[in-house]
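Take a look at the structure set out below.
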Amino acid sequence: MALALGAALSCTPAPTPYGVLPTRQQVEWQKMEFNMFMHFGPNTFSGMEWGTGKETAEMFNPTAMDCRQWTSIAKAAGMKGVIITAKHHDGFCLWPNPVSRHTVARSPWRDGKGDVLKELSEACRADGLEFGIYISPWDRNDPHYGTDEYNEVFVKTLEHALGGYGPVFEMWFDRACGEGSNGKKQVYDWLLFNSTVHKMQPDAVIFSDYGPGCRWVGNERGHAGRTCWSRTVVNEDFTGPRLSRKELNEGTMDGNIWAAAETDVSIRKGWFWKEKENSTVKSLQHLLKIYYESVGRNSVLLLNVPPDTSGLIHETDFLRLMELRAALDDIFSVDLAEGAAVEAENVRGGARKFRAGNMLNDNYDRYWAADDSLTKVSFTVTLPEKRTFNRVQLQEYIPLGQRVSAFSIDALTEDGQWKPIAIETTIGYKRIVHVPTTTTTAVRVNIEEAQACPVLNGFALFMDDIYVSDEKRNVPSGEIKPAAEPLILDLGEIKPLKGFVYAPKDNGEGGVIVTYMVETSVDGNRWEVAARDKMFDNIVNNPVSQEVMFDSPVQARMIRLTPQNVEAGAGAIGTESQTYGVSVFAPVMTVAID
């Protein structure tokens, strides 16, 4: 009888997969968790974020470039892959692309015989890292851009980049399009682009706002939503209205494709290296916050670490990365749930292969599952003795779909009562929950709501004595006189000016100015145009302060900034009482510039 019962239980079927599912490549991609982004190109030498495409190839000339330095640092930081900006919006190609006139082949670097993709892909293989490529379809240099021929040119670019450097784990598509007020637009053929990638690199995960492999998280500040589904909704041809920031950040519970969020953020203020931004490298506290709000919220963290003009990662960035690695090792090296016993209210079919203890082993494909009829169920982790922690880590077995939409965590008090310490929503591949510092002998996790029976393959407890609080962004205020449309800054007297600084307020939540005209005046009556039809580069996605220089210094008392195109944030924008979410609008004096 006992043998018959055991045989029956061992035949208990696995849960039926729920909803759209990740591919094998998407699961392996998410397991990487932490990768390096590298913005490198003419912008590194010009100091711009978005090049105009008019930069000469001679500008690109790193004096000591060493891709093994990049990959050794990435490996030491615990990253699993590297993605390089093979072609940014300026159109310059870091490899000798035969369908472009704007490449390293026309630069003095390596006497025109260099190939960044070749050197980096070889360095990645040598250090056991995955190799990824960023290519922007926007091209401010190619004469075909804006015509029917350009999509075919771009396909040839993809084929050359993807066909000669070995396996590519991620193809990163920036969906930027257009050149501001001149109206030059390109209708991208995303079905053609995606099919080209699949043909050349069938295992590559494709990134874009829409996926189809993974999606943008909706900001460049480093945080996924506290609710973060790996599913989202897109049209069959990957066109149509852009997903809202909320949809990108949180995903969609009943979405029609699996495209987990990737959180891209720079270790410093800008994406490309600038010497003046060496002091803006994010603090350890800030990077830990980003880690928790990306990897800890069912997302992959793609941290940008840009090489400098010598072609090396700057010492400041390197030291901060090593500080981050040491902190993560300190926090996550000891699982305080080790040696614990786990008991669930329900185990699927009573079968041992689905027991709750599977959540404590290192076998990714072993999991706890409940019966199909249960979408609200608890499990209790009993510790060997009192232990103190402030992080609870949970993982769903995503090859069977993302299921949990609400859960809570309790800790057992000394008088035998359960005390709530967290109430959250989604779990996904990995969720790291911040809880009050808690000393207890038992922890209970309550699955409050799920779309199908819960299937979890990971539980752990950790103690973080390093990350103590969120950082607050302190930006000094400017003296702004808002009008119905323009912003006017009165300096009170005529002064020598080289330009101005503009910074959005509250991370752009109040809206941002995208394109603008700026004028100066000595008396407020006569105005001279200092810049017209200009664009704040990438200001919507990365709403940090930007310094704009005039073509030549001017003597002026007043500066007038007239928005030509704005993007609304959380609040209204463009009314007489609004200042377009401006935190800083300040002059740059000639005496303040070297």
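Lettering and numbering for the structure tokens are positional, with chains as A, B, ... in the shown order, residues counted from 1 in each chain, and ligands counted from 1 in the shown order.
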Hey, what's within 10 Å of segment 497-502 of chain A if we count only C-alpha atoms and toss same-chain stuff fewer than 3 positions away? As a compact mmCIF listing (two decimals) with all heavy atoms, in the first residue's frame, please?
# COMPACT_ATOMS: atom_id res chain seq x y z
N GLY A 478 16.66 78.41 -9.08
CA GLY A 478 17.02 79.60 -9.81
C GLY A 478 15.96 80.66 -9.61
O GLY A 478 14.86 80.39 -9.17
N ILE A 494 23.98 94.04 -16.47
CA ILE A 494 24.60 93.43 -17.64
C ILE A 494 25.85 92.67 -17.22
O ILE A 494 26.69 93.20 -16.49
CB ILE A 494 24.95 94.52 -18.69
CG1 ILE A 494 23.66 95.19 -19.19
CG2 ILE A 494 25.71 93.91 -19.86
CD1 ILE A 494 23.91 96.36 -20.12
N LYS A 505 12.59 69.83 -12.77
CA LYS A 505 12.28 69.68 -11.35
C LYS A 505 11.78 68.26 -11.06
O LYS A 505 11.07 67.67 -11.87
CB LYS A 505 11.20 70.69 -10.95
CG LYS A 505 10.85 70.72 -9.47
CD LYS A 505 9.80 71.80 -9.21
CE LYS A 505 9.44 71.89 -7.74
NZ LYS A 505 8.40 72.93 -7.50
N VAL A 512 9.01 68.58 -18.89
CA VAL A 512 10.31 69.05 -19.34
C VAL A 512 10.18 69.80 -20.65
O VAL A 512 9.27 69.55 -21.44
CB VAL A 512 11.31 67.89 -19.52
CG1 VAL A 512 11.63 67.22 -18.20
CG2 VAL A 512 10.80 66.87 -20.52
N ILE A 513 11.09 70.74 -20.87
CA ILE A 513 11.22 71.41 -22.16
C ILE A 513 12.10 70.52 -23.03
O ILE A 513 13.17 70.11 -22.62
CB ILE A 513 11.86 72.79 -22.00
CG1 ILE A 513 10.99 73.67 -21.09
CG2 ILE A 513 12.06 73.45 -23.36
CD1 ILE A 513 11.65 74.98 -20.69
N VAL A 518 16.39 80.43 -27.35
CA VAL A 518 16.87 81.25 -26.26
C VAL A 518 17.36 82.58 -26.81
O VAL A 518 18.00 82.65 -27.86
CB VAL A 518 17.99 80.54 -25.46
CG1 VAL A 518 19.21 80.29 -26.30
CG2 VAL A 518 18.35 81.32 -24.21
N THR A 520 18.74 86.79 -25.63
CA THR A 520 19.33 87.64 -24.59
C THR A 520 18.97 89.09 -24.85
O THR A 520 18.66 89.49 -25.98
CB THR A 520 20.86 87.49 -24.56
OG1 THR A 520 21.41 87.93 -25.81
CG2 THR A 520 21.27 86.04 -24.29
N ALA A 530 20.07 83.90 -29.42
CA ALA A 530 21.35 83.24 -29.14
C ALA A 530 21.34 81.79 -29.62
O ALA A 530 22.39 81.23 -29.94
CB ALA A 530 21.65 83.28 -27.64
N ALA A 531 20.17 81.17 -29.66
CA ALA A 531 20.05 79.79 -30.14
C ALA A 531 18.60 79.54 -30.53
O ALA A 531 17.69 79.91 -29.79
CB ALA A 531 20.50 78.80 -29.08
N PHE A 536 17.22 69.86 -25.98
CA PHE A 536 17.90 69.32 -24.81
C PHE A 536 18.02 67.81 -25.02
O PHE A 536 17.02 67.10 -25.03
CB PHE A 536 17.13 69.62 -23.53
CG PHE A 536 17.12 71.07 -23.13
CD1 PHE A 536 15.93 71.78 -23.07
CD2 PHE A 536 18.29 71.72 -22.81
CE1 PHE A 536 15.92 73.12 -22.70
CE2 PHE A 536 18.29 73.06 -22.44
CZ PHE A 536 17.10 73.77 -22.39
N PRO A 543 16.22 63.28 -17.14
CA PRO A 543 15.96 64.69 -16.83
C PRO A 543 16.93 65.28 -15.80
O PRO A 543 16.56 65.59 -14.68
CB PRO A 543 14.52 64.67 -16.31
CG PRO A 543 14.37 63.32 -15.71
CD PRO A 543 15.22 62.39 -16.52
N VAL A 544 18.18 65.41 -16.21
CA VAL A 544 19.20 66.00 -15.35
C VAL A 544 19.56 67.37 -15.92
O VAL A 544 19.20 67.73 -17.04
CB VAL A 544 20.44 65.11 -15.26
CG1 VAL A 544 20.09 63.76 -14.64
CG2 VAL A 544 21.08 64.92 -16.63
N SER A 545 20.32 68.15 -15.14
CA SER A 545 20.68 69.49 -15.58
C SER A 545 21.55 69.42 -16.84
O SER A 545 22.38 68.53 -16.99
CB SER A 545 21.43 70.23 -14.47
OG SER A 545 22.63 69.58 -14.13
N GLN A 546 21.34 70.38 -17.74
CA GLN A 546 22.13 70.47 -18.96
C GLN A 546 22.69 71.88 -19.10
O GLN A 546 22.01 72.86 -18.86
CB GLN A 546 21.30 70.10 -20.18
CG GLN A 546 20.85 68.66 -20.18
CD GLN A 546 20.46 68.17 -21.56
OE1 GLN A 546 20.82 68.76 -22.58
NE2 GLN A 546 19.72 67.07 -21.60
N GLU A 547 23.95 71.92 -19.50
CA GLU A 547 24.65 73.19 -19.71
C GLU A 547 24.70 73.47 -21.19
O GLU A 547 25.17 72.65 -21.98
CB GLU A 547 26.06 73.09 -19.12
CG GLU A 547 26.82 74.40 -19.12
CD GLU A 547 28.16 74.24 -18.44
OE1 GLU A 547 29.12 73.79 -19.13
OE2 GLU A 547 28.28 74.54 -17.24
N VAL A 548 24.20 74.64 -21.61
CA VAL A 548 24.14 75.02 -23.02
C VAL A 548 25.05 76.22 -23.24
O VAL A 548 24.91 77.24 -22.55
CB VAL A 548 22.71 75.36 -23.45
CG1 VAL A 548 22.67 75.82 -24.89
CG2 VAL A 548 21.79 74.16 -23.23
N MET A 549 25.98 76.10 -24.18
CA MET A 549 26.91 77.19 -24.48
C MET A 549 26.47 77.93 -25.74
O MET A 549 26.10 77.30 -26.74
CB MET A 549 28.32 76.63 -24.67
CG MET A 549 28.91 76.04 -23.40
SD MET A 549 29.03 77.27 -22.10
CE MET A 549 29.47 76.24 -20.72
N PHE A 550 26.55 79.27 -25.69
CA PHE A 550 26.29 80.07 -26.88
C PHE A 550 27.45 79.91 -27.86
O PHE A 550 28.55 79.50 -27.49
CB PHE A 550 26.13 81.54 -26.51
CG PHE A 550 25.01 81.82 -25.54
CD1 PHE A 550 25.13 82.84 -24.59
CD2 PHE A 550 23.84 81.09 -25.57
CE1 PHE A 550 24.11 83.10 -23.70
CE2 PHE A 550 22.81 81.34 -24.68
CZ PHE A 550 22.95 82.35 -23.74
N ASP A 551 27.20 80.23 -29.13
CA ASP A 551 28.27 80.15 -30.13
C ASP A 551 29.42 81.09 -29.79
O ASP A 551 30.58 80.80 -30.08
CB ASP A 551 27.72 80.47 -31.52
CG ASP A 551 26.78 79.37 -32.02
OD1 ASP A 551 26.88 78.22 -31.53
OD2 ASP A 551 25.93 79.68 -32.87
N SER A 552 29.08 82.21 -29.18
CA SER A 552 30.10 83.16 -28.74
C SER A 552 29.56 83.89 -27.52
O SER A 552 28.34 84.02 -27.35
CB SER A 552 30.45 84.15 -29.86
OG SER A 552 29.29 84.86 -30.26
N PRO A 553 30.44 84.36 -26.61
CA PRO A 553 29.98 85.06 -25.41
C PRO A 553 29.17 86.31 -25.75
O PRO A 553 29.37 86.94 -26.79
CB PRO A 553 31.29 85.43 -24.70
CG PRO A 553 32.31 84.48 -25.25
CD PRO A 553 31.91 84.22 -26.66
N VAL A 554 28.22 86.64 -24.87
CA VAL A 554 27.39 87.83 -25.06
C VAL A 554 27.34 88.64 -23.78
O VAL A 554 27.52 88.12 -22.67
CB VAL A 554 25.95 87.45 -25.48
CG1 VAL A 554 25.95 86.71 -26.80
CG2 VAL A 554 25.28 86.62 -24.40
N GLN A 555 27.10 89.94 -23.94
CA GLN A 555 26.85 90.82 -22.81
C GLN A 555 25.34 90.99 -22.69
O GLN A 555 24.69 91.41 -23.63
CB GLN A 555 27.52 92.19 -23.03
CG GLN A 555 29.04 92.14 -23.14
CD GLN A 555 29.68 92.00 -21.77
OE1 GLN A 555 29.12 92.42 -20.76
NE2 GLN A 555 30.87 91.42 -21.74
N ALA A 556 24.79 90.60 -21.55
CA ALA A 556 23.34 90.67 -21.41
C ALA A 556 22.94 90.80 -19.96
O ALA A 556 23.68 90.42 -19.05
CB ALA A 556 22.70 89.43 -22.02
N ARG A 557 21.72 91.33 -19.77
CA ARG A 557 21.12 91.38 -18.44
C ARG A 557 20.06 90.30 -18.28
O ARG A 557 19.85 89.78 -17.19
CB ARG A 557 20.50 92.76 -18.20
CG ARG A 557 19.63 92.81 -16.96
CD ARG A 557 19.00 94.15 -16.72
NE ARG A 557 17.95 94.06 -15.71
CZ ARG A 557 17.34 95.11 -15.15
NH1 ARG A 557 17.68 96.35 -15.52
NH2 ARG A 557 16.40 94.92 -14.26
N ILE A 559 17.96 86.71 -19.92
CA ILE A 559 17.90 85.54 -20.79
C ILE A 559 16.45 85.10 -20.88
O ILE A 559 15.76 84.98 -19.86
CB ILE A 559 18.74 84.37 -20.24
CG1 ILE A 559 20.19 84.78 -20.01
CG2 ILE A 559 18.70 83.18 -21.20
CD1 ILE A 559 21.04 83.69 -19.37
N LEU A 561 14.04 82.04 -22.32
CA LEU A 561 13.96 80.69 -22.84
C LEU A 561 12.52 80.42 -23.26
O LEU A 561 11.62 80.40 -22.42
CB LEU A 561 14.41 79.68 -21.77
CG LEU A 561 14.41 78.20 -22.15
CD1 LEU A 561 15.47 77.92 -23.21
CD2 LEU A 561 14.66 77.33 -20.92
N VAL A 582 10.62 73.52 -14.04
CA VAL A 582 12.01 73.95 -13.98
C VAL A 582 12.50 74.02 -12.54
O VAL A 582 11.86 74.62 -11.68
CB VAL A 582 12.18 75.32 -14.65
CG1 VAL A 582 13.63 75.78 -14.55
CG2 VAL A 582 11.77 75.25 -16.11
N SER A 583 13.62 73.40 -12.28
CA SER A 583 14.26 73.53 -10.97
C SER A 583 15.38 74.55 -11.02
O SER A 583 15.58 75.31 -10.08
CB SER A 583 14.82 72.17 -10.54
OG SER A 583 15.53 72.30 -9.33
N VAL A 584 16.13 74.58 -12.12
CA VAL A 584 17.24 75.51 -12.29
C VAL A 584 17.18 76.13 -13.68
O VAL A 584 17.01 75.43 -14.67
CB VAL A 584 18.60 74.81 -12.10
CG1 VAL A 584 19.74 75.70 -12.55
CG2 VAL A 584 18.81 74.43 -10.65
N PHE A 585 17.27 77.44 -13.75
CA PHE A 585 17.48 78.17 -14.99
C PHE A 585 18.47 79.26 -14.61
O PHE A 585 18.10 80.27 -14.02
CB PHE A 585 16.15 78.74 -15.50
CG PHE A 585 16.27 79.58 -16.75
CD1 PHE A 585 17.24 79.32 -17.69
CD2 PHE A 585 15.39 80.62 -16.98
CE1 PHE A 585 17.33 80.08 -18.84
CE2 PHE A 585 15.47 81.39 -18.12
CZ PHE A 585 16.44 81.12 -19.06
N ALA A 586 19.73 79.02 -14.89
CA ALA A 586 20.78 79.89 -14.36
C ALA A 586 21.79 80.23 -15.45
O ALA A 586 22.04 79.44 -16.36
CB ALA A 586 21.49 79.19 -13.20
N PRO A 587 22.40 81.41 -15.37
CA PRO A 587 23.39 81.81 -16.37
C PRO A 587 24.74 81.14 -16.13
O PRO A 587 25.08 80.78 -15.01
CB PRO A 587 23.50 83.32 -16.16
CG PRO A 587 23.24 83.50 -14.70
CD PRO A 587 22.20 82.46 -14.35
N VAL A 588 25.48 80.96 -17.22
CA VAL A 588 26.87 80.53 -17.13
C VAL A 588 27.72 81.74 -17.48
O VAL A 588 27.67 82.24 -18.61
CB VAL A 588 27.17 79.37 -18.09
CG1 VAL A 588 28.66 79.01 -18.05
CG2 VAL A 588 26.34 78.15 -17.71
N MET A 589 28.46 82.23 -16.51
CA MET A 589 29.26 83.44 -16.70
C MET A 589 30.60 83.10 -17.37
O MET A 589 31.15 82.01 -17.18
CB MET A 589 29.55 84.11 -15.35
CG MET A 589 28.31 84.37 -14.52
SD MET A 589 27.20 85.54 -15.30
CE MET A 589 25.99 85.73 -14.00
N THR A 590 31.13 84.03 -18.12
CA THR A 590 32.43 83.80 -18.74
C THR A 590 33.52 83.63 -17.70
O THR A 590 34.46 82.87 -17.88
CB THR A 590 32.80 84.96 -19.67
OG1 THR A 590 32.81 86.17 -18.91
CG2 THR A 590 31.83 85.07 -20.81
N VAL A 591 33.37 84.29 -16.56
CA VAL A 591 34.40 84.18 -15.52
C VAL A 591 34.39 82.82 -14.86
O VAL A 591 35.33 82.44 -14.18
CB VAL A 591 34.20 85.27 -14.45
CG1 VAL A 591 34.44 86.64 -15.04
CG2 VAL A 591 32.81 85.18 -13.84
N ALA A 592 33.29 82.08 -15.04
CA ALA A 592 33.18 80.78 -14.38
C ALA A 592 33.65 79.63 -15.26
O ALA A 592 33.66 78.49 -14.86
CB ALA A 592 31.73 80.53 -13.95
N ILE A 593 34.06 79.95 -16.49
CA ILE A 593 34.45 78.92 -17.44
C ILE A 593 35.95 79.03 -17.72
O ILE A 593 36.47 80.12 -17.96
CB ILE A 593 33.66 79.08 -18.76
CG1 ILE A 593 32.16 79.01 -18.46
CG2 ILE A 593 34.09 78.03 -19.77
CD1 ILE A 593 31.73 77.69 -17.89
query = Could you pull the residues within 7 Å of Val404 of chain A, counting only C-alpha atoms, minus those fewer than 3 positions along the same chain, as a count of residues only?
reply = 6
ask   = Residues at most 7 Å from Phe37 of chain A, counting only C-alpha atoms, excluding those fewer than 3 positions away in the same chain, as a count of residues only?
value = 7
request  = Run DSSP on the backbone of this structure and report the residues of segment 28-221 of chain A it assigns to helix (DSSP H, G or I), as a ChimeraX atom specification.
outcome  = /A:28-32,42-46,57-59,67-76,104-106,109-112,116-126,150-163,180-182,190-200
Neighbour list for segment 151-157 of chain A as JSON, numbers by chain, cut-off 9 Å, only C-alpha atoms, skip fewer than 2 positions in-chain = {"A": [97, 98, 99, 100, 135, 137, 144, 145, 147, 148, 149, 159, 160, 161, 162, 186, 187, 188, 189, 192, 193, 196]}
task = Please provide the set of residues having any atom within 9 Å of Val540 of chain A, restricted to only C-alpha atoms, with same-chain residues fewer than 5 positions apart removed, written as a count of residues only.
result = 7
task = Just give me the gap between atom CA of Arg348 of chain A and atom CA of Arg366 of chain A in Å, one decimal is fine.
result =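 Pair atom CA of Arg348 of chain A / atom CA of Arg366 of chain A returns 13.1 Å.
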message = Measuring between only C-alpha atoms, which one of A:Gly350, A:Gly401, A:Gly251, A:Gly339 shows the shortest distance to Gly218 of chain A?
response =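 Looking at the shortest contact to Gly218 of chain A, the residue is A:Gly251.
In terms of minimum interatomic distance to Phe92 of chain A, A:Gly41 ranks closest within A:Pro420, A:Gly146, A:Pro496, A:Gly41, counting only C-alpha atoms.
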